[in-house]
file protein.txt (compact mmCIF, C-alpha atoms and all ligand atoms)
# COMPACT_ATOMS: atom_id res chain seq x y z
CA MET A 98 -4.47 -29.05 9.44
CA SER A 99 -4.03 -25.32 10.00
CA LYS A 100 -3.77 -23.11 6.96
CA LYS A 101 -0.39 -21.80 5.78
CA LYS A 102 0.17 -18.12 6.43
CA VAL A 103 0.62 -15.86 3.40
CA VAL A 104 1.54 -12.19 3.66
CA PHE A 105 1.15 -9.94 0.63
CA LEU A 106 3.30 -6.81 0.74
CA THR A 107 1.85 -4.47 -1.86
CA GLY A 108 2.77 -1.09 -3.32
CA ALA A 109 1.48 1.33 -5.91
CA GLY A 110 2.11 -1.13 -8.77
CA ILE A 111 -0.77 -3.41 -7.76
CA SER A 112 -3.20 -0.53 -8.30
CA ALA A 113 -1.60 0.72 -11.54
CA GLU A 114 -3.88 -1.43 -13.71
CA SER A 115 -6.86 0.08 -11.89
CA GLY A 116 -5.77 3.50 -13.16
CA ILE A 117 -3.93 4.88 -10.13
CA SER A 118 -0.50 6.34 -10.91
CA THR A 119 2.56 4.94 -9.17
CA PHE A 120 4.99 7.35 -7.48
CA ARG A 121 8.32 6.67 -9.09
CA ASP A 122 7.41 5.80 -12.67
CA SER A 123 7.24 9.49 -13.66
CA ASP A 124 10.44 11.34 -12.78
CA GLY A 125 9.75 12.00 -9.13
CA LEU A 126 6.47 13.71 -9.92
CA TRP A 127 3.24 12.35 -8.57
CA GLU A 128 0.16 13.43 -10.56
CA ASN A 129 2.23 16.45 -11.70
CA HIS A 130 3.23 17.45 -8.18
CA ASN A 131 6.52 17.39 -6.41
CA VAL A 132 6.24 14.53 -3.89
CA GLU A 133 7.82 16.74 -1.18
CA ASP A 134 5.03 19.31 -1.59
CA VAL A 135 2.10 16.93 -1.26
CA ALA A 136 3.40 13.96 0.70
CA SER A 137 5.58 15.30 3.49
CA ILE A 138 4.77 16.81 6.87
CA ASP A 139 6.81 19.88 5.90
CA GLY A 140 4.69 20.25 2.76
CA TRP A 141 1.59 20.20 4.98
CA TYR A 142 2.98 22.94 7.25
CA ARG A 143 4.00 25.01 4.21
CA ASN A 144 0.74 24.80 2.31
CA PRO A 145 -2.12 22.81 3.88
CA ASP A 146 -4.63 24.01 1.29
CA LEU A 147 -2.58 22.57 -1.57
CA VAL A 148 -2.30 19.26 0.29
CA ILE A 149 -6.03 19.14 1.04
CA ASP A 150 -6.86 19.85 -2.62
CA PHE A 151 -4.43 17.19 -3.76
CA TYR A 152 -5.90 14.43 -1.56
CA ASN A 153 -9.47 15.53 -2.35
CA GLU A 154 -8.58 14.94 -5.99
CA ARG A 155 -7.04 11.51 -5.20
CA ARG A 156 -10.21 10.54 -3.29
CA ARG A 157 -12.44 11.55 -6.21
CA GLN A 158 -10.24 9.56 -8.57
CA LEU A 159 -10.41 6.51 -6.28
CA LYS A 160 -14.20 6.57 -6.31
CA ASN A 161 -14.07 5.88 -10.05
CA CYS A 162 -11.48 3.09 -9.89
CA ILE A 163 -12.24 -0.57 -9.39
CA PRO A 164 -10.09 -3.40 -8.04
CA ASN A 165 -8.25 -5.34 -10.75
CA LYS A 166 -7.64 -9.07 -11.13
CA ALA A 167 -4.55 -8.90 -8.90
CA HIS A 168 -6.50 -7.46 -5.94
CA LEU A 169 -9.20 -10.09 -6.56
CA ILE A 170 -6.74 -13.00 -6.59
CA VAL A 171 -5.16 -11.71 -3.35
CA ALA A 172 -8.64 -11.83 -1.77
CA GLU A 173 -9.32 -15.33 -3.17
CA PHE A 174 -6.24 -16.64 -1.37
CA GLU A 175 -8.29 -16.48 1.84
CA LYS A 176 -10.12 -19.63 0.73
CA ASP A 177 -7.00 -21.75 1.21
CA PHE A 178 -4.60 -19.65 3.29
CA ASP A 179 -4.43 -17.50 6.39
CA VAL A 180 -3.82 -14.16 4.64
CA THR A 181 -2.62 -10.75 5.78
CA VAL A 182 -2.20 -7.87 3.35
CA VAL A 183 0.42 -5.29 4.31
CA THR A 184 0.00 -2.42 1.89
CA GLN A 185 1.79 0.86 1.35
CA ASN A 186 -1.21 2.02 -0.66
CA VAL A 187 -3.71 4.51 0.68
CA ASP A 188 -6.45 3.38 -1.71
CA ASN A 189 -9.17 0.95 -0.60
CA LEU A 190 -8.96 -1.48 -3.53
CA HIS A 191 -7.89 -4.44 -1.37
CA GLU A 192 -10.96 -3.90 0.83
CA ARG A 193 -13.25 -3.59 -2.18
CA ALA A 194 -11.78 -6.77 -3.66
CA GLY A 195 -12.78 -8.64 -0.49
CA SER A 196 -9.59 -8.97 1.55
CA SER A 197 -10.38 -9.02 5.25
CA LYS A 198 -7.11 -8.41 7.08
CA ILE A 199 -5.33 -5.35 5.75
CA ILE A 200 -2.60 -3.28 7.38
CA HIS A 201 -2.33 0.16 5.76
CA LEU A 202 1.23 1.22 6.59
CA HIS A 203 0.86 4.65 5.01
CA GLY A 204 -2.69 5.53 6.00
CA GLU A 205 -6.04 5.59 4.22
CA LEU A 206 -7.49 8.03 1.73
CA THR A 207 -11.04 7.56 2.98
CA LYS A 208 -10.20 8.76 6.50
CA ALA A 209 -9.37 12.13 8.05
CA CYS A 210 -7.77 12.93 11.40
CA ASN A 211 -6.65 15.69 13.70
CA GLU A 212 -3.07 16.92 13.59
CA SER A 213 -1.86 14.63 16.38
CA LYS A 214 -3.66 11.66 14.72
CA THR A 215 -5.42 10.71 17.96
CA PHE A 216 -8.84 11.14 16.40
CA VAL A 217 -9.59 9.38 13.12
CA THR A 218 -12.86 9.58 11.21
CA ASP A 219 -14.27 7.89 8.10
CA ILE A 220 -15.04 10.38 5.36
CA GLY A 221 -15.67 8.00 2.47
CA TYR A 222 -15.14 9.79 -0.84
CA ASN A 223 -16.09 13.21 0.52
CA ASP A 224 -13.79 16.20 0.28
CA ILE A 225 -12.10 17.70 3.31
CA SER A 226 -13.01 21.40 3.32
CA LYS A 227 -10.13 23.80 3.61
CA GLY A 228 -10.03 25.32 7.07
CA SER A 229 -12.06 22.45 8.67
CA ARG A 230 -11.23 21.78 12.28
CA ALA A 231 -11.10 18.46 14.13
CA ALA A 232 -12.78 17.91 17.52
CA ASP A 233 -9.67 19.14 19.37
CA GLY A 234 -9.52 22.40 17.40
CA SER A 235 -6.53 21.40 15.27
CA LYS A 236 -6.72 21.33 11.46
CA LEU A 237 -8.56 18.36 9.98
CA ARG A 238 -6.09 16.60 7.67
CA PRO A 239 -5.89 13.51 5.46
CA PHE A 240 -5.13 10.33 7.44
CA ILE A 241 -1.90 9.65 5.56
CA VAL A 242 1.59 8.81 6.77
CA TRP A 243 3.74 11.43 5.09
CA PHE A 244 7.51 11.60 4.72
CA GLY A 245 8.85 12.83 8.06
CA GLU A 246 6.17 11.02 10.08
CA ALA A 247 6.22 7.85 12.17
CA VAL A 248 4.83 4.59 10.75
CA PRO A 249 2.72 3.36 13.70
CA LEU A 250 1.68 0.05 12.14
CA LEU A 251 5.22 -1.03 11.33
CA GLU A 252 5.54 -3.33 14.38
CA THR A 253 2.20 -4.98 13.61
CA ALA A 254 3.39 -5.64 10.04
CA ILE A 255 6.69 -7.07 11.28
CA HIS A 256 4.84 -9.51 13.59
CA GLU A 257 2.76 -10.77 10.68
CA ILE A 258 5.74 -11.21 8.35
CA GLU A 259 7.77 -12.99 11.03
CA LYS A 260 5.08 -15.69 11.13
CA CYS A 261 4.57 -16.19 7.40
CA ASN A 262 5.19 -19.31 5.33
CA ILE A 263 4.93 -17.38 2.08
CA LEU A 264 5.67 -13.69 1.41
CA VAL A 265 4.47 -12.18 -1.87
CA ILE A 266 5.75 -8.70 -2.76
CA ILE A 267 3.81 -6.93 -5.51
CA GLY A 268 4.39 -3.62 -7.29
CA THR A 269 6.72 -1.75 -4.99
CA SER A 270 10.04 -0.15 -5.86
CA LEU A 271 11.21 -0.99 -2.31
CA ALA A 272 12.67 2.51 -2.26
CA VAL A 273 10.94 3.82 0.85
CA TYR A 274 11.96 2.76 4.34
CA PRO A 275 10.93 1.41 6.75
CA ALA A 276 8.47 -0.51 4.51
CA ALA A 277 11.26 -1.62 2.17
CA GLY A 278 13.06 -3.37 5.05
CA LEU A 279 10.09 -5.62 5.85
CA VAL A 280 11.26 -8.34 3.46
CA HIS A 281 14.13 -9.08 5.84
CA TYR A 282 11.70 -10.21 8.56
CA ALA A 283 10.47 -13.19 6.53
CA PRO A 284 11.50 -16.45 8.26
CA LYS A 285 14.53 -18.21 6.79
CA HIS A 286 12.59 -21.10 5.32
CA SER A 287 9.68 -19.09 3.96
CA GLU A 288 9.04 -18.84 0.24
CA ILE A 289 9.37 -15.29 -1.12
CA TYR A 290 7.94 -14.16 -4.48
CA LEU A 291 8.28 -10.73 -6.06
CA ILE A 292 5.96 -9.61 -8.86
CA ASP A 293 6.90 -6.44 -10.77
CA PRO A 294 7.39 -5.64 -14.48
CA LYS A 295 10.63 -3.87 -13.49
CA ILE A 296 12.33 -5.92 -10.76
CA PRO A 297 13.65 -3.54 -8.07
CA ASN A 298 17.04 -3.85 -6.40
CA VAL A 299 16.64 -6.10 -3.41
CA SER A 300 19.41 -7.55 -1.31
CA SER A 301 17.62 -10.72 -0.21
CA SER A 302 18.92 -13.81 -2.02
CA ASN A 303 16.11 -16.38 -1.91
CA ILE A 304 13.47 -14.45 -3.83
CA PHE A 305 11.65 -15.95 -6.81
CA PHE A 306 11.10 -13.15 -9.33
CA ILE A 307 8.02 -12.94 -11.55
CA GLU A 308 8.78 -10.13 -13.99
CA GLU A 309 5.22 -9.27 -14.97
CA LYS A 310 2.47 -6.77 -14.33
CA ALA A 311 0.47 -7.55 -11.21
CA THR A 312 -2.53 -9.13 -12.98
CA VAL A 313 -0.44 -11.49 -15.11
CA GLY A 314 2.05 -12.14 -12.30
CA MET A 315 -0.67 -13.13 -9.85
CA GLU A 316 -2.08 -15.69 -12.27
CA LYS A 317 1.41 -17.17 -12.66
CA LEU A 318 1.85 -17.19 -8.90
CA VAL A 319 -1.35 -19.19 -8.43
CA ASP A 320 -0.05 -21.83 -10.88
CA ILE A 321 3.33 -22.01 -9.12
CA ILE A 322 1.81 -22.32 -5.66
CA LYS A 323 -0.66 -24.99 -6.82
CA LYS A 324 2.21 -27.01 -8.28
CA ASN A 325 4.26 -26.69 -5.08
CA ASP A 326 1.40 -27.84 -2.83
N1 LIG B 401 2.04 -4.24 -11.87
C1 LIG B 401 2.97 -4.42 -10.90
N2 LIG B 401 3.92 -3.52 -10.62
C2 LIG B 401 3.93 -2.38 -11.36
C3 LIG B 401 3.00 -2.12 -12.37
C4 LIG B 401 2.01 -3.12 -12.62
N3 LIG B 401 1.08 -2.99 -13.57
N4 LIG B 401 3.29 -0.90 -12.89
C5 LIG B 401 4.34 -0.42 -12.22
N5 LIG B 401 4.74 -1.31 -11.29
C6 LIG B 401 5.85 -1.24 -10.33
C7 LIG B 401 7.03 -0.37 -10.73
O1 LIG B 401 7.93 -1.10 -11.58
C8 LIG B 401 7.64 -0.05 -9.37
O2 LIG B 401 8.59 -1.03 -8.98
O3 LIG B 401 5.36 -0.69 -9.15
C9 LIG B 401 6.42 -0.10 -8.43
C10 LIG B 401 5.95 1.24 -7.95
O4 LIG B 401 6.92 1.83 -7.15
P1 LIG B 401 6.66 3.22 -6.43
O5 LIG B 401 6.05 4.16 -7.42
O6 LIG B 401 7.93 3.63 -5.79
O7 LIG B 401 5.54 2.88 -5.34
P2 LIG B 401 5.71 2.28 -3.88
O8 LIG B 401 6.86 1.34 -3.81
O9 LIG B 401 4.37 1.80 -3.48
O10 LIG B 401 6.05 3.59 -3.06
C11 LIG B 401 6.22 3.47 -1.67
O11 LIG B 401 6.45 5.84 -1.41
O12 LIG B 401 5.75 7.98 -2.00
C12 LIG B 401 5.70 6.98 -1.04
O13 LIG B 401 4.09 6.69 0.64
C13 LIG B 401 4.30 6.53 -0.75
O14 LIG B 401 3.47 4.32 -0.28
C14 LIG B 401 4.32 5.08 -1.12
C15 LIG B 401 5.78 4.71 -0.95
call {"tool": "encode", "arguments": {"input": "protein.txt", "output": "structure tokens", "more": "lines below"}}
Ligand code: APR
result
Amino acid sequence: MSKKKVVFLTGAGISAESGISTFRDSDGLWENHNVEDVASIDGWYRNPDLVIDFYNERRRQLKNCIPNKAHLIVAEFEKDFDVTVVTQNVDNLHERAGSSKIIHLHGELTKACNESKTFVTDIGYNDISKGSRAADGSKLRPFIVWFGEAVPLLETAIHEIEKCNILVIIGTSLAVYPAAGLVHYAPKHSEIYLIDPKIPNVSSSNIFFIEEKATVGMEKLVDIIKKND
């Protein structure tokens, strides 16, 4: 028998217990910065050096973080299910936990690119130097999808969600589109679970809410899914 397909849609909350701050739990500030200054294409045009410094700092922080139990349980699902992770996170904690199929909707901290994003390179945890140029002569920049930019992997994510039997949403305020709209692509008869200590507003009716932190919520989810099988 073929394995059931599970899609995990994750946001900043799944990495909170690994020590990475979420975006909207601190009054619109992200690591003491205005989100518009460090996470929008206009912010980049206004002050690229500030943006480079900011993501260099995020990369250094990531190096010292480790995946938590929730990332690990997501990876363990691959034993019994056909799993895709669709994440809004730019950290690499799903990879380091062992997940093998991950769609990073908003880019990846450990990569850099040219300004037209046609050339992408792995930089690991190294800094991007201010004033560095990419192969085409444009500024080398973090490989992140900022506010005001297209989300190229959106269609790929939609295709995965359209085929799922189970959708599990973890740690996202569902405040940022188009990612927030992905829940509506789950097939009618799929099971949908949402794990978050502060359940966000969501218009879909058939969602089973698990009002817990990601680590505790994932353990509960495993019990529920075992019982249902
Ligand atoms: N476990 C699970 N969820 C948690 C935890 C935790 N330990 N701690 C906080 N949360 C929840 C919050 O209750 C909130 O619903 O995580 C969610 C975090 O929401 P946001 O900060 O808005 O993060 P996210 O939804 O990932 O943001 C989406 O916005 O700024 C952009 O591009 C950025 O990818 C990001 C996007």
call {"tool": "residues_near_point", "arguments": {"input": "protein.txt", "point": "(11.0, 4.2, -3.0)", "cutoff": "12 Å", "atoms": "all atoms listed in the file", "output": "ChimeraX atom specification"}}
result
/A:108-110,119-122,125,132,185,244,268-278,297-299
call {"tool": "axis_aligned_box", "arguments": {"input": "protein.txt", "around": "ligand LIG 401 (chain B)", "padding_each_side": "5 Å", "output": "lines of an AutoDock Vina configuration file"}}
result
center_x = 4.8
center_y = 1.8
center_z = -6.5
size_x = 17.5
size_y = 22.4
size_z = 24.2
call {"tool": "closest_residue", "arguments": {"input": "protein.txt", "among": "A:Thr107, A:Asn186, A:Asn165, A:Asn223", "to": "Asp150 in chain A", "atoms": "all atoms listed in the file"}}
result
A:Asn223
call {"tool": "residues_around", "arguments": {"input": "protein.txt", "residues": "Ile200 in chain A", "least_positions_apart": "2", "cutoff": "8 Å", "atoms": "all atoms listed in the file", "output": "ChimeraX atom specification"}}
result
/A:181-184,198,202,250,254
call {"tool": "residues_around", "arguments": {"input": "protein.txt", "residues": "Asp134 in chain A", "least_positions_apart": "2", "cutoff": "12 Å", "atoms": "all atoms listed in the file", "output": "PyMOL selection string"}}
result
chain A and resi 125-132+136-152+243-244
call {"tool": "closest_residue", "arguments": {"input": "protein.txt", "among": "A:Glu257, A:Glu205, A:Glu288, A:Asp177", "to": "ligand LIG 401 (chain B)", "atoms": "only C-alpha atoms and all ligand atoms"}}
result
A:Glu205
call {"tool": "atom_distance", "arguments": {"input": "protein.txt", "atom1": "CA of Asp293 in chain A", "atom2": "CA of Val104 in chain A"}}
result
16.4 Å
call {"tool": "atom_distance", "arguments": {"input": "protein.txt", "atom1": "CA of Val135 in chain A", "atom2": "CA of Arg230 in chain A"}}
result
19.6 Å
call {"tool": "closest_residue", "arguments": {"input": "protein.txt", "among": "A:Leu206, A:Ile263, A:Ile220, A:Leu159", "to": "ligand LIG 401 (chain B)", "atoms": "all atoms listed in the file"}}
result
A:Leu206
call {"tool": "atom_distance", "arguments": {"input": "protein.txt", "atom1": "atom C10 of ligand LIG 401 (chain B)", "atom2": "CA of Lys176 in chain A"}}
result
27.7 Å
call {"tool": "closest_residue", "arguments": {"input": "protein.txt", "among": "A:Gly228, A:Pro239, A:Pro249, A:Gly116", "to": "ligand LIG 401 (chain B)", "atoms": "all atoms listed in the file"}}
result
A:Gly116
call {"tool": "closest_residue", "arguments": {"input": "protein.txt", "among": "A:Leu264, A:Leu190, A:Ile258, A:Ile307", "to": "ligand LIG 401 (chain B)", "atoms": "only C-alpha atoms and all ligand atoms"}}
result
A:Ile307
call {"tool": "closest_residue", "arguments": {"input": "protein.txt", "among": "A:Thr253, A:Ser118, A:Ser301, A:Asn153", "to": "Gly221 in chain A", "atoms": "all atoms listed in the file"}}
result
A:Asn153
call {"tool": "build_atoms", "arguments": {"input": "protein.txt", "residues": "range 214-240 of chain A", "atoms": "N, CA, C and O atoms", "output": "short mmCIF file (atom, residue, chain, number, x, y, z; two decimals), in the frame of the given file"}}
result
data_model
loop_
_atom_site.label_atom_id
_atom_site.label_comp_id
_atom_site.auth_asym_id
_atom_site.auth_seq_id
_atom_site.Cartn_x
_atom_site.Cartn_y
_atom_site.Cartn_z
N LYS A 214 -3.21 12.98 15.17
CA LYS A 214 -3.66 11.66 14.72
C LYS A 214 -4.27 10.80 15.84
O LYS A 214 -4.24 9.59 15.79
N THR A 215 -4.80 11.46 16.86
CA THR A 215 -5.42 10.71 17.96
C THR A 215 -6.92 10.50 17.69
O THR A 215 -7.58 9.74 18.39
N PHE A 216 -7.42 11.23 16.71
CA PHE A 216 -8.84 11.14 16.40
C PHE A 216 -8.96 10.90 14.90
O PHE A 216 -8.47 11.69 14.09
N VAL A 217 -9.53 9.75 14.53
CA VAL A 217 -9.59 9.38 13.12
C VAL A 217 -11.06 9.18 12.74
O VAL A 217 -11.82 8.57 13.50
N THR A 218 -11.45 9.70 11.60
CA THR A 218 -12.86 9.58 11.21
C THR A 218 -12.97 9.14 9.74
O THR A 218 -12.15 9.52 8.91
N ASP A 219 -14.01 8.34 9.47
CA ASP A 219 -14.27 7.89 8.10
C ASP A 219 -14.91 9.01 7.32
O ASP A 219 -15.90 9.57 7.77
N ILE A 220 -14.38 9.34 6.16
CA ILE A 220 -15.04 10.38 5.36
C ILE A 220 -15.49 9.86 4.01
O ILE A 220 -16.00 10.60 3.18
N GLY A 221 -15.27 8.56 3.77
CA GLY A 221 -15.67 8.00 2.47
C GLY A 221 -14.96 8.74 1.34
O GLY A 221 -13.78 9.03 1.42
N TYR A 222 -15.74 9.09 0.31
CA TYR A 222 -15.14 9.79 -0.84
C TYR A 222 -15.38 11.30 -0.77
O TYR A 222 -15.19 12.00 -1.75
N ASN A 223 -15.80 11.77 0.41
CA ASN A 223 -16.09 13.21 0.52
C ASN A 223 -14.82 14.04 0.61
O ASN A 223 -13.79 13.56 1.10
N ASP A 224 -14.92 15.28 0.15
CA ASP A 224 -13.79 16.20 0.28
C ASP A 224 -13.58 16.60 1.74
O ASP A 224 -14.53 16.61 2.52
N ILE A 225 -12.36 16.97 2.06
CA ILE A 225 -12.10 17.70 3.31
C ILE A 225 -12.16 19.18 2.92
O ILE A 225 -11.52 19.59 1.95
N SER A 226 -12.95 19.97 3.66
CA SER A 226 -13.01 21.40 3.32
C SER A 226 -11.80 22.10 3.90
O SER A 226 -11.41 21.81 5.03
N LYS A 227 -11.27 23.03 3.11
CA LYS A 227 -10.13 23.80 3.61
C LYS A 227 -10.56 24.57 4.85
O LYS A 227 -11.65 25.13 4.88
N GLY A 228 -9.70 24.57 5.85
CA GLY A 228 -10.03 25.32 7.07
C GLY A 228 -10.88 24.53 8.06
O GLY A 228 -11.17 25.01 9.14
N SER A 229 -11.27 23.26 7.71
CA SER A 229 -12.06 22.45 8.67
C SER A 229 -11.23 22.15 9.90
O SER A 229 -10.02 21.94 9.80
N ARG A 230 -11.92 22.08 11.02
CA ARG A 230 -11.23 21.78 12.28
C ARG A 230 -11.68 20.42 12.81
O ARG A 230 -12.84 20.03 12.64
N ALA A 231 -10.76 19.73 13.47
CA ALA A 231 -11.10 18.46 14.13
C ALA A 231 -11.67 18.77 15.51
O ALA A 231 -11.68 19.93 15.93
N ALA A 232 -12.12 17.72 16.22
CA ALA A 232 -12.78 17.91 17.52
C ALA A 232 -11.88 18.65 18.52
O ALA A 232 -12.38 19.37 19.39
N ASP A 233 -10.57 18.48 18.41
CA ASP A 233 -9.67 19.14 19.37
C ASP A 233 -9.24 20.54 18.92
O ASP A 233 -8.36 21.15 19.52
N GLY A 234 -9.84 21.04 17.85
CA GLY A 234 -9.52 22.40 17.40
C GLY A 234 -8.36 22.49 16.42
O GLY A 234 -8.13 23.54 15.82
N SER A 235 -7.64 21.37 16.24
CA SER A 235 -6.53 21.40 15.27
C SER A 235 -7.10 21.25 13.85
O SER A 235 -8.27 20.93 13.68
N LYS A 236 -6.24 21.45 12.85
CA LYS A 236 -6.72 21.33 11.46
C LYS A 236 -7.09 19.89 11.15
O LYS A 236 -6.35 18.97 11.49
N LEU A 237 -8.21 19.70 10.47
CA LEU A 237 -8.56 18.36 9.98
C LEU A 237 -7.67 18.08 8.77
O LEU A 237 -7.54 18.93 7.89
N ARG A 238 -7.06 16.90 8.74
CA ARG A 238 -6.09 16.60 7.67
C ARG A 238 -6.32 15.19 7.13
O ARG A 238 -6.97 14.36 7.79
N PRO A 239 -5.79 14.89 5.97
CA PRO A 239 -5.89 13.51 5.46
C PRO A 239 -5.16 12.54 6.40
O PRO A 239 -4.11 12.88 6.95
N PHE A 240 -5.74 11.36 6.57
CA PHE A 240 -5.13 10.33 7.44
C PHE A 240 -4.09 9.55 6.63
O PHE A 240 -4.32 8.43 6.17
#
